[in-house]
>>> print(open('my_file_16.txt').read())   # compact mmCIF, C-alpha atoms and all ligand atoms
# COMPACT_ATOMS: atom_id res chain seq x y z
CA MET A 1 7.80 -38.32 15.19
CA LYS A 2 9.17 -36.12 17.99
CA LEU A 3 8.80 -32.47 17.14
CA LEU A 4 9.97 -29.45 19.12
CA VAL A 5 8.19 -26.09 18.94
CA ILE A 6 10.25 -23.04 19.85
CA ASN A 7 9.13 -19.48 20.48
CA THR A 8 12.21 -17.31 20.99
CA GLY A 9 11.84 -13.83 22.50
CA SER A 10 14.52 -11.24 23.14
CA SER A 11 15.40 -12.77 26.54
CA SER A 12 13.36 -15.97 26.62
CA ILE A 13 12.78 -19.34 24.93
CA LYS A 14 9.41 -21.04 25.26
CA TYR A 15 9.35 -24.68 24.11
CA LYS A 16 7.07 -27.68 23.80
CA LEU A 17 7.99 -31.18 22.67
CA PHE A 18 5.28 -33.16 20.87
CA ASP A 19 4.92 -36.76 19.89
CA MET A 20 3.04 -36.21 16.64
CA GLU A 21 1.79 -39.75 16.18
CA GLY A 22 -0.46 -39.45 19.22
CA LYS A 23 -0.50 -35.60 19.20
CA LYS A 24 0.75 -35.72 22.79
CA VAL A 25 2.74 -33.08 24.62
CA LEU A 26 5.73 -34.87 26.15
CA SER A 27 7.46 -31.90 27.69
CA ALA A 28 7.27 -28.11 27.93
CA GLY A 29 9.17 -25.28 29.48
CA LEU A 30 10.35 -21.71 29.60
CA VAL A 31 13.84 -20.25 29.75
CA GLU A 32 13.71 -16.69 31.04
CA ARG A 33 15.99 -13.73 31.72
CA ILE A 34 18.64 -14.79 29.22
CA GLY A 35 21.64 -12.45 29.46
CA GLU A 36 20.84 -11.33 33.02
CA GLU A 37 22.85 -12.20 36.13
CA GLN A 38 20.26 -14.77 37.23
CA GLY A 39 18.33 -16.64 34.60
CA HIS A 40 15.51 -19.07 35.25
CA ILE A 41 14.34 -22.33 33.64
CA LYS A 42 11.10 -24.17 34.29
CA HIS A 43 10.94 -27.59 32.65
CA GLU A 44 8.02 -30.02 32.77
CA ARG A 45 7.62 -33.61 31.69
CA PHE A 46 4.11 -34.99 31.17
CA SER A 47 3.00 -38.52 31.87
CA THR A 48 0.50 -40.30 29.63
CA GLU A 49 -2.27 -39.08 31.97
CA GLY A 50 -1.05 -35.50 31.47
CA LYS A 51 0.40 -35.14 34.98
CA ALA A 52 3.49 -32.96 35.16
CA GLU A 53 6.82 -33.52 36.85
CA GLU A 54 8.65 -30.26 37.19
CA LYS A 55 12.27 -29.16 37.49
CA THR A 56 13.27 -25.54 37.97
CA GLU A 57 16.75 -24.06 37.78
CA THR A 58 18.13 -20.65 38.62
CA LEU A 59 21.43 -19.99 36.90
CA ALA A 60 23.17 -17.48 34.66
CA ILE A 61 22.17 -18.11 31.04
CA LYS A 62 24.66 -16.13 28.98
CA ASP A 63 22.83 -16.26 25.64
CA HIS A 64 20.21 -18.14 23.62
CA ARG A 65 22.75 -20.79 22.62
CA THR A 66 23.48 -21.59 26.29
CA GLY A 67 19.72 -21.62 26.98
CA LEU A 68 18.83 -24.02 24.19
CA LYS A 69 21.76 -26.32 25.06
CA ARG A 70 20.37 -26.48 28.58
CA VAL A 71 16.91 -27.30 27.17
CA SER A 72 18.46 -30.11 25.14
CA ALA A 73 20.16 -31.43 28.31
CA LEU A 74 16.88 -31.24 30.27
CA LEU A 75 15.08 -33.13 27.50
CA GLN A 76 17.70 -35.87 28.01
CA ASP A 77 17.79 -35.57 31.83
CA GLU A 78 17.68 -38.83 33.80
CA GLN A 79 14.80 -37.68 35.99
CA VAL A 80 12.71 -35.36 33.83
CA GLY A 81 13.97 -36.17 30.33
CA VAL A 82 11.97 -37.69 27.46
CA ILE A 83 14.67 -38.46 24.86
CA HIS A 84 18.05 -40.20 24.90
CA ASN A 85 19.84 -38.04 22.35
CA PRO A 86 19.13 -34.85 20.37
CA ASP A 87 18.86 -36.73 17.07
CA GLU A 88 15.53 -38.17 18.19
CA ILE A 89 14.01 -34.76 17.47
CA GLN A 90 13.16 -34.88 13.79
CA ALA A 91 11.73 -31.41 13.32
CA VAL A 92 11.75 -28.01 15.00
CA GLY A 93 8.89 -25.57 14.35
CA HIS A 94 9.82 -21.92 14.95
CA ARG A 95 7.37 -19.13 15.57
CA VAL A 96 8.51 -16.18 13.47
CA VAL A 97 6.62 -12.95 14.00
CA HIS A 98 7.02 -11.17 10.67
CA GLY A 99 6.91 -12.89 7.31
CA GLY A 100 6.09 -9.70 5.36
CA SER A 101 4.30 -10.20 2.03
CA ARG A 102 6.63 -13.05 1.17
CA PHE A 103 5.29 -15.84 3.37
CA SER A 104 1.66 -16.88 3.31
CA GLU A 105 2.32 -20.32 4.77
CA ALA A 106 4.82 -22.39 6.74
CA VAL A 107 8.18 -23.03 5.03
CA VAL A 108 11.16 -25.31 5.52
CA ILE A 109 14.03 -23.04 6.55
CA ASN A 110 17.02 -22.71 4.23
CA ALA A 111 19.62 -19.97 3.69
CA GLU A 112 17.28 -18.00 1.47
CA VAL A 113 14.42 -18.09 4.00
CA LYS A 114 16.79 -16.87 6.72
CA GLU A 115 17.90 -14.02 4.47
CA ALA A 116 14.28 -13.08 3.86
CA ILE A 117 13.54 -13.04 7.63
CA GLN A 118 16.66 -10.90 8.08
CA ARG A 119 15.48 -8.43 5.43
CA LEU A 120 12.18 -8.08 7.31
CA ILE A 121 13.89 -6.92 10.54
CA PRO A 122 13.02 -3.21 9.93
CA LEU A 123 9.32 -4.22 10.11
CA ALA A 124 9.71 -6.22 13.37
CA PRO A 125 12.89 -4.95 15.06
CA LEU A 126 12.03 -6.47 18.45
CA HIS A 127 10.89 -9.87 17.23
CA ASN A 128 12.59 -11.09 14.06
CA PRO A 129 16.17 -10.85 15.45
CA PRO A 130 15.52 -13.23 18.41
CA ASN A 131 13.49 -15.49 16.09
CA LEU A 132 16.51 -15.70 13.75
CA GLU A 133 18.80 -16.35 16.71
CA GLY A 134 16.51 -19.20 17.80
CA ILE A 135 16.75 -20.74 14.33
CA ALA A 136 20.56 -20.46 14.22
CA VAL A 137 20.93 -22.01 17.67
CA ALA A 138 18.42 -24.83 16.96
CA GLU A 139 20.32 -25.71 13.79
CA GLU A 140 23.42 -26.21 15.95
CA VAL A 141 21.81 -28.02 18.86
CA PHE A 142 19.50 -30.23 16.75
CA PRO A 143 21.48 -30.60 13.50
CA GLN A 144 19.52 -33.64 12.33
CA ALA A 145 16.15 -31.92 12.60
CA GLU A 146 14.28 -30.25 9.77
CA GLN A 147 13.74 -26.58 10.74
CA VAL A 148 10.42 -24.97 9.82
CA ALA A 149 9.21 -21.36 10.15
CA ILE A 150 5.59 -20.49 10.96
CA PHE A 151 4.77 -16.81 10.55
CA ASP A 152 2.36 -14.78 12.68
CA THR A 153 1.50 -12.67 9.63
CA ALA A 154 0.90 -15.56 7.20
CA PHE A 155 -2.84 -16.08 7.72
CA HIS A 156 -3.53 -12.40 6.94
CA GLN A 157 -1.83 -12.50 3.54
CA SER A 158 -5.24 -13.17 1.98
CA MET A 159 -6.43 -9.61 2.78
CA PRO A 160 -7.44 -7.58 -0.29
CA ASP A 161 -5.31 -4.53 -1.17
CA TYR A 162 -8.05 -2.04 -0.25
CA ALA A 163 -7.92 -3.47 3.30
CA TYR A 164 -4.16 -3.73 3.71
CA ARG A 165 -3.11 -0.42 2.14
CA TYR A 166 -2.78 2.79 4.16
CA ALA A 167 -3.98 6.00 2.51
CA ILE A 168 -0.52 7.57 2.48
CA PRO A 169 1.71 8.28 -0.54
CA GLN A 170 2.36 5.26 -2.75
CA LYS A 171 6.14 5.39 -2.29
CA TYR A 172 5.90 4.26 1.34
CA TYR A 173 4.29 1.05 0.19
CA GLU A 174 6.44 0.54 -2.88
CA GLU A 175 9.80 1.46 -1.39
CA HIS A 176 9.32 0.68 2.30
CA ARG A 177 6.61 -2.03 2.30
CA ILE A 178 4.45 -0.04 4.72
CA ARG A 179 1.03 -1.76 4.78
CA VAL A 180 -1.17 -3.76 7.13
CA TYR A 181 0.34 -7.19 7.88
CA GLY A 182 -1.60 -8.16 11.00
CA MET A 183 -0.42 -10.45 13.81
CA HIS A 184 -1.68 -13.39 15.95
CA GLY A 185 -2.39 -15.14 12.62
CA THR A 186 -1.60 -18.62 13.98
CA SER A 187 -4.15 -18.16 16.76
CA HIS A 188 -6.91 -16.66 14.57
CA GLN A 189 -6.47 -19.44 12.02
CA PHE A 190 -6.35 -22.19 14.67
CA VAL A 191 -9.53 -21.13 16.50
CA ALA A 192 -11.37 -20.58 13.20
CA HIS A 193 -10.46 -24.14 12.13
CA GLN A 194 -11.57 -25.52 15.50
CA ALA A 195 -14.87 -23.61 15.28
CA ALA A 196 -15.49 -24.76 11.69
CA SER A 197 -15.07 -28.42 12.60
CA HIS A 198 -17.17 -27.96 15.77
CA LEU A 199 -19.99 -26.38 13.73
CA GLY A 200 -19.67 -28.88 10.87
CA ILE A 201 -18.93 -26.13 8.35
CA PRO A 202 -16.04 -26.64 5.88
CA MET A 203 -13.33 -24.06 6.67
CA HIS A 204 -13.58 -22.57 3.16
CA LYS A 205 -17.22 -21.72 3.86
CA LEU A 206 -16.80 -20.29 7.37
CA SER A 207 -17.58 -16.61 7.99
CA ALA A 208 -16.51 -15.55 11.45
CA ILE A 209 -15.06 -12.83 13.61
CA THR A 210 -12.22 -14.07 15.82
CA ILE A 211 -11.43 -12.06 18.95
CA HIS A 212 -8.02 -12.83 20.48
CA LEU A 213 -7.85 -11.14 23.89
CA GLY A 214 -4.57 -11.83 25.65
CA ASN A 215 -2.05 -9.33 26.85
CA GLY A 216 -1.97 -8.36 23.17
CA CYS A 217 -5.42 -8.15 21.56
CA SER A 218 -6.60 -8.36 17.98
CA MET A 219 -9.68 -9.17 15.93
CA THR A 220 -9.92 -10.74 12.48
CA ALA A 221 -12.70 -10.72 9.91
CA ILE A 222 -12.85 -14.12 8.23
CA LYS A 223 -14.88 -14.69 5.08
CA GLU A 224 -15.01 -18.08 3.37
CA GLY A 225 -12.21 -19.27 5.63
CA LYS A 226 -9.84 -16.43 4.74
CA SER A 227 -8.69 -13.39 6.69
CA ILE A 228 -10.11 -10.33 4.90
CA ASP A 229 -9.23 -7.74 7.54
CA THR A 230 -7.55 -7.56 10.92
CA SER A 231 -7.12 -4.95 13.64
CA MET A 232 -3.34 -4.94 14.02
CA GLY A 233 -1.37 -3.32 11.22
CA LEU A 234 2.22 -2.76 10.20
CA SER A 235 2.98 -3.47 13.85
CA PRO A 236 1.08 -4.95 16.83
CA LEU A 237 0.24 -1.44 18.11
CA PRO A 238 -3.08 -0.51 16.44
CA GLY A 239 -6.61 -1.83 16.86
CA LEU A 240 -8.05 -2.93 20.19
CA MET A 241 -7.06 -1.54 23.57
CA MET A 242 -4.52 -3.97 25.06
CA GLY A 243 -2.63 -4.66 28.29
CA THR A 244 -0.02 -1.96 27.73
CA ARG A 245 -0.57 -0.92 24.08
CA SER A 246 -2.84 1.94 23.13
CA GLY A 247 -4.52 0.36 20.11
CA ASP A 248 -5.99 2.92 17.66
CA ILE A 249 -5.18 6.55 18.39
CA ASP A 250 -5.20 9.72 16.31
CA PRO A 251 -1.71 9.75 14.72
CA ALA A 252 -1.57 13.51 15.38
CA ILE A 253 -1.13 12.71 19.08
CA ILE A 254 2.38 11.58 18.13
CA PHE A 255 3.15 14.98 16.51
CA TYR A 256 1.80 16.70 19.62
CA MET A 257 3.96 14.60 21.94
CA GLY A 258 7.00 15.31 19.73
CA THR A 259 6.60 19.02 19.09
CA LYS A 260 4.70 20.31 22.16
CA LEU A 261 6.03 17.90 24.79
CA ASN A 262 9.54 17.56 23.29
CA MET A 263 9.43 13.78 23.58
CA SER A 264 11.82 11.72 21.44
CA ILE A 265 10.52 9.06 19.04
CA GLU A 266 11.87 6.38 21.44
CA GLU A 267 9.99 7.91 24.39
CA ILE A 268 6.75 8.07 22.41
CA ASP A 269 7.24 4.47 21.28
CA GLN A 270 7.72 3.35 24.90
CA GLU A 271 4.70 5.34 26.07
CA LEU A 272 2.33 3.89 23.44
CA ASN A 273 3.65 0.31 23.58
CA LYS A 274 4.46 -0.15 27.26
CA GLN A 275 2.57 2.44 29.31
CA SER A 276 -0.80 2.66 27.55
CA GLY A 277 -3.86 0.43 27.19
CA LEU A 278 -5.29 -0.90 30.48
CA LYS A 279 -2.10 0.19 32.24
CA GLY A 280 -2.42 3.74 30.96
CA ILE A 281 -6.01 4.11 32.15
CA ALA A 282 -6.09 1.95 35.31
CA GLY A 283 -2.40 1.69 36.25
CA GLU A 284 -2.03 -2.05 35.64
CA ASN A 285 -2.33 -4.43 32.72
CA ASP A 286 -3.56 -7.66 34.32
CA MET A 287 -7.24 -8.08 33.44
CA ARG A 288 -7.94 -10.20 36.54
CA ALA A 289 -6.79 -7.34 38.77
CA ILE A 290 -8.83 -4.80 36.75
CA ILE A 291 -12.00 -6.91 37.06
CA ALA A 292 -11.47 -7.34 40.81
CA ARG A 293 -11.25 -3.56 41.14
CA VAL A 294 -14.36 -3.03 38.98
CA GLU A 295 -16.27 -5.30 41.35
CA GLN A 296 -15.21 -3.03 44.21
CA GLY A 297 -16.43 0.05 42.36
CA ASP A 298 -13.03 1.44 41.34
CA GLN A 299 -13.62 4.26 38.81
CA ALA A 300 -10.40 4.08 36.80
CA ALA A 301 -10.75 0.29 36.40
CA THR A 302 -14.42 0.71 35.39
CA LEU A 303 -13.48 3.26 32.73
CA ALA A 304 -10.67 1.00 31.44
CA LEU A 305 -13.10 -1.91 31.11
CA GLU A 306 -15.75 0.25 29.39
CA MET A 307 -13.16 1.51 26.89
CA TYR A 308 -11.82 -2.02 26.31
CA THR A 309 -15.23 -3.57 25.53
CA TYR A 310 -16.51 -0.51 23.62
CA ARG A 311 -13.58 -0.87 21.22
CA ILE A 312 -14.32 -4.60 20.73
CA LYS A 313 -17.94 -3.72 19.95
CA LYS A 314 -16.90 -1.09 17.40
CA TYR A 315 -14.76 -3.63 15.56
CA LEU A 316 -17.58 -6.19 15.72
CA GLY A 317 -19.84 -3.69 13.96
CA ALA A 318 -17.22 -2.85 11.36
CA TYR A 319 -16.44 -6.47 10.58
CA LEU A 320 -20.12 -7.47 10.45
CA ALA A 321 -20.53 -4.82 7.77
CA VAL A 322 -17.66 -6.08 5.62
CA ILE A 323 -18.22 -9.84 6.04
CA GLY A 324 -21.97 -10.07 5.50
CA PRO A 325 -23.92 -12.99 7.00
CA LEU A 326 -21.93 -14.44 9.88
CA ASP A 327 -21.67 -17.97 11.27
CA ALA A 328 -19.79 -17.27 14.48
CA ILE A 329 -18.10 -14.88 16.83
CA ILE A 330 -15.16 -16.58 18.53
CA PHE A 331 -13.54 -15.49 21.79
CA THR A 332 -10.07 -16.78 22.62
CA ALA A 333 -6.81 -16.29 24.63
CA GLY A 334 -6.38 -15.45 28.34
CA VAL A 335 -9.15 -12.85 28.64
CA GLY A 336 -11.42 -14.19 25.89
CA GLU A 337 -11.40 -17.73 27.27
CA ASN A 338 -11.79 -16.80 30.92
CA SER A 339 -13.61 -13.53 31.42
CA THR A 340 -17.38 -13.89 31.39
CA MET A 341 -17.73 -10.17 32.08
CA ILE A 342 -15.72 -9.09 29.03
CA ARG A 343 -17.67 -11.45 26.76
CA GLU A 344 -21.00 -10.23 28.11
CA LYS A 345 -20.14 -6.53 27.83
CA SER A 346 -18.68 -6.94 24.32
CA CYS A 347 -21.89 -8.56 23.01
CA ALA A 348 -24.39 -6.45 24.99
CA GLY A 349 -26.86 -4.46 22.89
CA LEU A 350 -26.11 -6.30 19.64
CA GLU A 351 -29.39 -8.26 19.63
CA HIS A 352 -30.65 -6.26 16.62
CA LEU A 353 -27.68 -7.67 14.68
CA GLY A 354 -28.61 -11.25 15.53
CA ILE A 355 -26.01 -11.54 18.29
CA ARG A 356 -27.60 -12.81 21.53
CA LEU A 357 -25.41 -14.06 24.30
CA ASN A 358 -26.97 -16.39 26.88
CA PRO A 359 -25.85 -15.13 30.33
CA ALA A 360 -26.23 -18.52 32.02
CA LYS A 361 -24.29 -20.41 29.34
CA ASN A 362 -21.66 -17.69 29.42
CA LEU A 363 -21.13 -18.33 33.12
CA GLN A 364 -20.78 -22.11 32.78
CA LYS A 365 -17.18 -23.20 32.74
CA GLN A 366 -16.28 -26.20 30.65
CA LYS A 367 -13.22 -27.65 28.99
CA GLY A 368 -12.82 -27.33 25.24
CA ILE A 369 -15.14 -25.45 22.89
CA GLN A 370 -18.13 -23.79 24.51
CA GLU A 371 -21.28 -22.36 22.84
CA ILE A 372 -22.61 -19.37 24.77
CA GLN A 373 -25.31 -17.95 22.48
CA ASP A 374 -29.04 -17.91 23.13
CA GLU A 375 -31.30 -20.24 21.20
CA GLU A 376 -32.69 -17.35 19.12
CA SER A 377 -29.26 -15.98 18.28
CA ALA A 378 -28.64 -15.91 14.51
CA VAL A 379 -24.91 -16.02 15.15
CA LYS A 380 -23.12 -18.65 17.22
CA ILE A 381 -20.97 -17.22 19.98
CA LEU A 382 -18.11 -19.56 20.82
CA VAL A 383 -15.30 -19.74 23.34
CA VAL A 384 -12.45 -21.64 21.70
CA PRO A 385 -9.19 -22.26 23.58
CA THR A 386 -6.25 -21.27 21.44
CA ASP A 387 -3.12 -23.40 21.23
CA GLU A 388 -0.49 -21.70 19.12
CA GLU A 389 2.16 -24.33 19.87
CA LEU A 390 -0.09 -27.19 18.73
CA SER A 391 -0.92 -25.24 15.58
CA ILE A 392 2.80 -24.68 14.89
CA ALA A 393 3.45 -28.38 15.54
CA GLU A 394 0.67 -29.45 13.15
CA GLN A 395 1.81 -27.11 10.38
CA THR A 396 5.43 -28.24 10.82
CA TYR A 397 4.39 -31.90 10.75
CA GLU A 398 2.37 -31.38 7.56
CA LEU A 399 5.44 -29.96 5.84
CA VAL A 400 8.11 -32.39 7.01
CA ARG A 401 5.95 -35.49 6.56
CA GLU A 402 5.98 -34.81 2.84
P1 LIG B 501 -2.52 -14.40 27.42
O1 LIG B 501 -1.63 -13.33 26.80
O2 LIG B 501 -3.38 -15.10 26.41
O3 LIG B 501 -1.79 -15.33 28.33
O4 LIG B 501 -3.56 -13.60 28.36
C1 LIG B 501 -3.14 -12.84 29.46
C2 LIG B 501 -4.31 -12.04 30.00
O5 LIG B 501 -5.38 -12.93 30.35
C3 LIG B 501 -3.96 -11.25 31.26
O6 LIG B 501 -4.47 -9.94 31.16
C4 LIG B 501 -4.72 -12.01 32.34
O7 LIG B 501 -5.12 -11.18 33.39
C5 LIG B 501 -5.94 -12.49 31.56
N1 LIG B 501 -6.65 -13.56 32.27
C6 LIG B 501 -6.23 -14.80 32.60
N2 LIG B 501 -7.17 -15.46 33.32
C7 LIG B 501 -8.22 -14.60 33.47
C8 LIG B 501 -9.50 -14.67 34.12
N3 LIG B 501 -9.89 -15.75 34.78
N4 LIG B 501 -10.32 -13.59 34.04
C9 LIG B 501 -9.92 -12.48 33.37
N5 LIG B 501 -8.74 -12.35 32.75
C10 LIG B 501 -7.89 -13.40 32.79
>>> encode(input="my_file_16.txt", output="structure tokens", more="lines below")
Ligand code: AMP
Amino acid sequence: MKLLVINTGSSSIKYKLFDMEGKKVLSAGLVERIGEEQGHIKHERFSTEGKAEEKTETLAIKDHRTGLKRVSALLQDEQVGVIHNPDEIQAVGHRVVHGGSRFSEAVVINAEVKEAIQRLIPLAPLHNPPNLEGIAVAEEVFPQAEQVAIFDTAFHQSMPDYAYRYAIPQKYYEEHRIRVYGMHGTSHQFVAHQAASHLGIPMHKLSAITIHLGNGCSMTAIKEGKSIDTSMGLSPLPGLMMGTRSGDIDPAIIFYMGTKLNMSIEEIDQELNKQSGLKGIAGENDMRAIIARVEQGDQAATLALEMYTYRIKKYLGAYLAVIGPLDAIIFTAGVGENSTMIREKSCAGLEHLGIRLNPAKNLQKQKGIQEIQDEESAVKILVVPTDEELSIAEQTYELVRE
């Protein structure tokens, strides 16, 4: 079965075409700067050995519909195509950011599901509208395909109420659904599954802390295979320090910015979401650049890195306390998979809790899952590459195969 995974952003469409029988990626690409004067498309076709042939295009892409039509044409292209007509694609898996309390697993999309995603827009105003647009356009371009939604919040629906409620008046929960939802669920769930099968522990018995460190960062406490707490909340703003997001701050800072600095709600939103985190402290959000500066003794970059890893350590402590005996700590995503320094600093000084990282193993680079703990460590420390698209493809396949 040929299955397309789509991740639609406000001005972009990321896609990957899978052949599910052999779990092979046939093609992948990114449409960017939709709606701007000059858009850009990068399309790749993979051979059986995994080698890529690439085609790039610079052209005006008026809207998502135009973008996805172009993707369909590229998938059928004489040189870099992999299908002969759109009907060969039997299913499309859509990443949808917010599924609220309604969706705890993947669903086949129908009118009612679309309405539910629409109703959740106030909780994810930047994400759910382009996700809905992606669904509408895919229904037109691939009318024969079954459309499936996979929600970023779904894995965290197992959290108990005392973890997901905020201590604010009841009416905000009852009337406005304000609670912790958590994000990056597909990634946390995927790496936990991978770790469980690597360790030979059934998923329903796995206790782990997953640490997703990309441009956005979040941690999840997993007990008996289920998310019991997570560091993001109603939105992706709280928790760890991120590329440009502040993570946890005293909410009173917002009142101060509003009343003493006369900033509007929009300005404060921009400041905390786009100008904070690593960028706020060190002036840039790319971790590779920050680490290069730390190695040259740059003070702002050093402070940013200390703050970043200190916050990870605080969450490790908190989640150790609520989970109980732990099987594994799992690092994933761009920073978690690649930065030996961040992993080492985040685990340093936790030996009394049974967490002992082996510096030499941490430095070894290898493909796939890597164990980086010391022999005496009570807890396994793993590096597990995340693959959200594969996870979306697998969940979609499970549903449509039935
Ligand atoms: P992601 O959102 O998962 O693509 O992760 C993006 C982040 O990963 C950026 O901050 C990158 O700087 C960071 N990253 C990628 N490769 C490395 C590396 N080798 N060392 C440190 N950070 C990295």
>>> axis_aligned_box(input="my_file_16.txt", around="ligand LIG 501 (chain B)", padding_each_side="3 Å", output="JSON")
{"center_x": -6.0, "center_y": -12.8, "center_z": 30.6, "size_x": 14.7, "size_y": 11.8, "size_z": 14.4}
>>> residues_near_ligand(input="my_file_16.txt", ligand="ligand LIG 501 (chain B)", cutoff="9 Å", atoms="all atoms listed in the file", output="list in words")
His212, Leu213, Gly214, Asn215, Gly216, Cys217, Met242, Gly243, Asn285, Asp286, Met287, Arg288, Ala289, Ile290, Ile291, Thr332, Ala333, Gly334, Val335, Gly336, Glu337, Asn338, Ser339, Thr340, Met341, Ile342 and Thr386 of chain A
>>> write_last_selection(input="my_file_16.txt", atoms="C-alpha atoms", output="mmCIF file, in the coordinates of the input")
data_model
loop_
_atom_site.group_PDB
_atom_site.id
_atom_site.type_symbol
_atom_site.label_atom_id
_atom_site.label_comp_id
_atom_site.auth_asym_id
_atom_site.auth_seq_id
_atom_site.Cartn_x
_atom_site.Cartn_y
_atom_site.Cartn_z
ATOM 1 C CA HIS A 212 -8.020 -12.830 20.480
ATOM 2 C CA LEU A 213 -7.850 -11.140 23.890
ATOM 3 C CA GLY A 214 -4.570 -11.830 25.650
ATOM 4 C CA ASN A 215 -2.050 -9.330 26.850
ATOM 5 C CA GLY A 216 -1.970 -8.360 23.170
ATOM 6 C CA CYS A 217 -5.420 -8.150 21.560
ATOM 7 C CA MET A 242 -4.520 -3.970 25.060
ATOM 8 C CA GLY A 243 -2.630 -4.660 28.290
ATOM 9 C CA ASN A 285 -2.330 -4.430 32.720
ATOM 10 C CA ASP A 286 -3.560 -7.660 34.320
ATOM 11 C CA MET A 287 -7.240 -8.080 33.440
ATOM 12 C CA ARG A 288 -7.940 -10.200 36.540
ATOM 13 C CA ALA A 289 -6.790 -7.340 38.770
ATOM 14 C CA ILE A 290 -8.830 -4.800 36.750
ATOM 15 C CA ILE A 291 -12.000 -6.910 37.060
ATOM 16 C CA THR A 332 -10.070 -16.780 22.620
ATOM 17 C CA ALA A 333 -6.810 -16.290 24.630
ATOM 18 C CA GLY A 334 -6.380 -15.450 28.340
ATOM 19 C CA VAL A 335 -9.150 -12.850 28.640
ATOM 20 C CA GLY A 336 -11.420 -14.190 25.890
ATOM 21 C CA GLU A 337 -11.400 -17.730 27.270
ATOM 22 C CA ASN A 338 -11.790 -16.800 30.920
ATOM 23 C CA SER A 339 -13.610 -13.530 31.420
ATOM 24 C CA THR A 340 -17.380 -13.890 31.390
ATOM 25 C CA MET A 341 -17.730 -10.170 32.080
ATOM 26 C CA ILE A 342 -15.720 -9.090 29.030
ATOM 27 C CA THR A 386 -6.250 -21.270 21.440
#
>>> atom_distance(input="my_file_16.txt", atom1="atom CA of A:Ala196", atom2="atom CA of A:Ile330")
10.7 Å
>>> closest_atom_pairs(input="my_file_16.txt", of="stretch 333-394 of chain A", to="stretch 205-209 of chain A", cutoff="10 Å", atoms="all atoms listed in the file", output="CSV")
residue,atom,partner,partner_atom,distance
A:Val379,CA,A:Ala208,CA,9.2
A:Lys380,CA,A:Ala208,CA,9.3
A:Ile381,CA,A:Ile209,CA,9.7
>>> write_last_selection(input="my_file_16.txt", atoms="C-alpha atoms", output="PDB file, in the frame of the given file")
ATOM      1  CA  VAL A 379     -24.910 -16.020  15.150  1.00  0.00           C
ATOM      2  CA  LYS A 380     -23.120 -18.650  17.220  1.00  0.00           C
ATOM      3  CA  ILE A 381     -20.970 -17.220  19.980  1.00  0.00           C
TER       4      ILE A 381
END
>>> closest_residue(input="my_file_16.txt", among="A:Asn110, A:Asn362, A:Gln79, A:Thr220", to="A:Leu240", atoms="all atoms listed in the file")
A:Thr220
>>> atom_distance(input="my_file_16.txt", atom1="atom CA of A:Arg177", atom2="atom CA of A:Pro125")
14.5 Å
>>> closest_residue(input="my_file_16.txt", among="A:Ala300, A:Leu272, A:Leu261, A:Ile13", to="A:Glu284", atoms="all atoms listed in the file")
A:Ala300
>>> atom_distance(input="my_file_16.txt", atom1="atom CA of A:Gln76", atom2="atom CA of A:Val141")
12.7 Å
>>> closest_residue(input="my_file_16.txt", among="A:Leu303, A:Met241, A:Leu326, A:Val107", to="A:Val400", atoms="all atoms listed in the file")
A:Val107
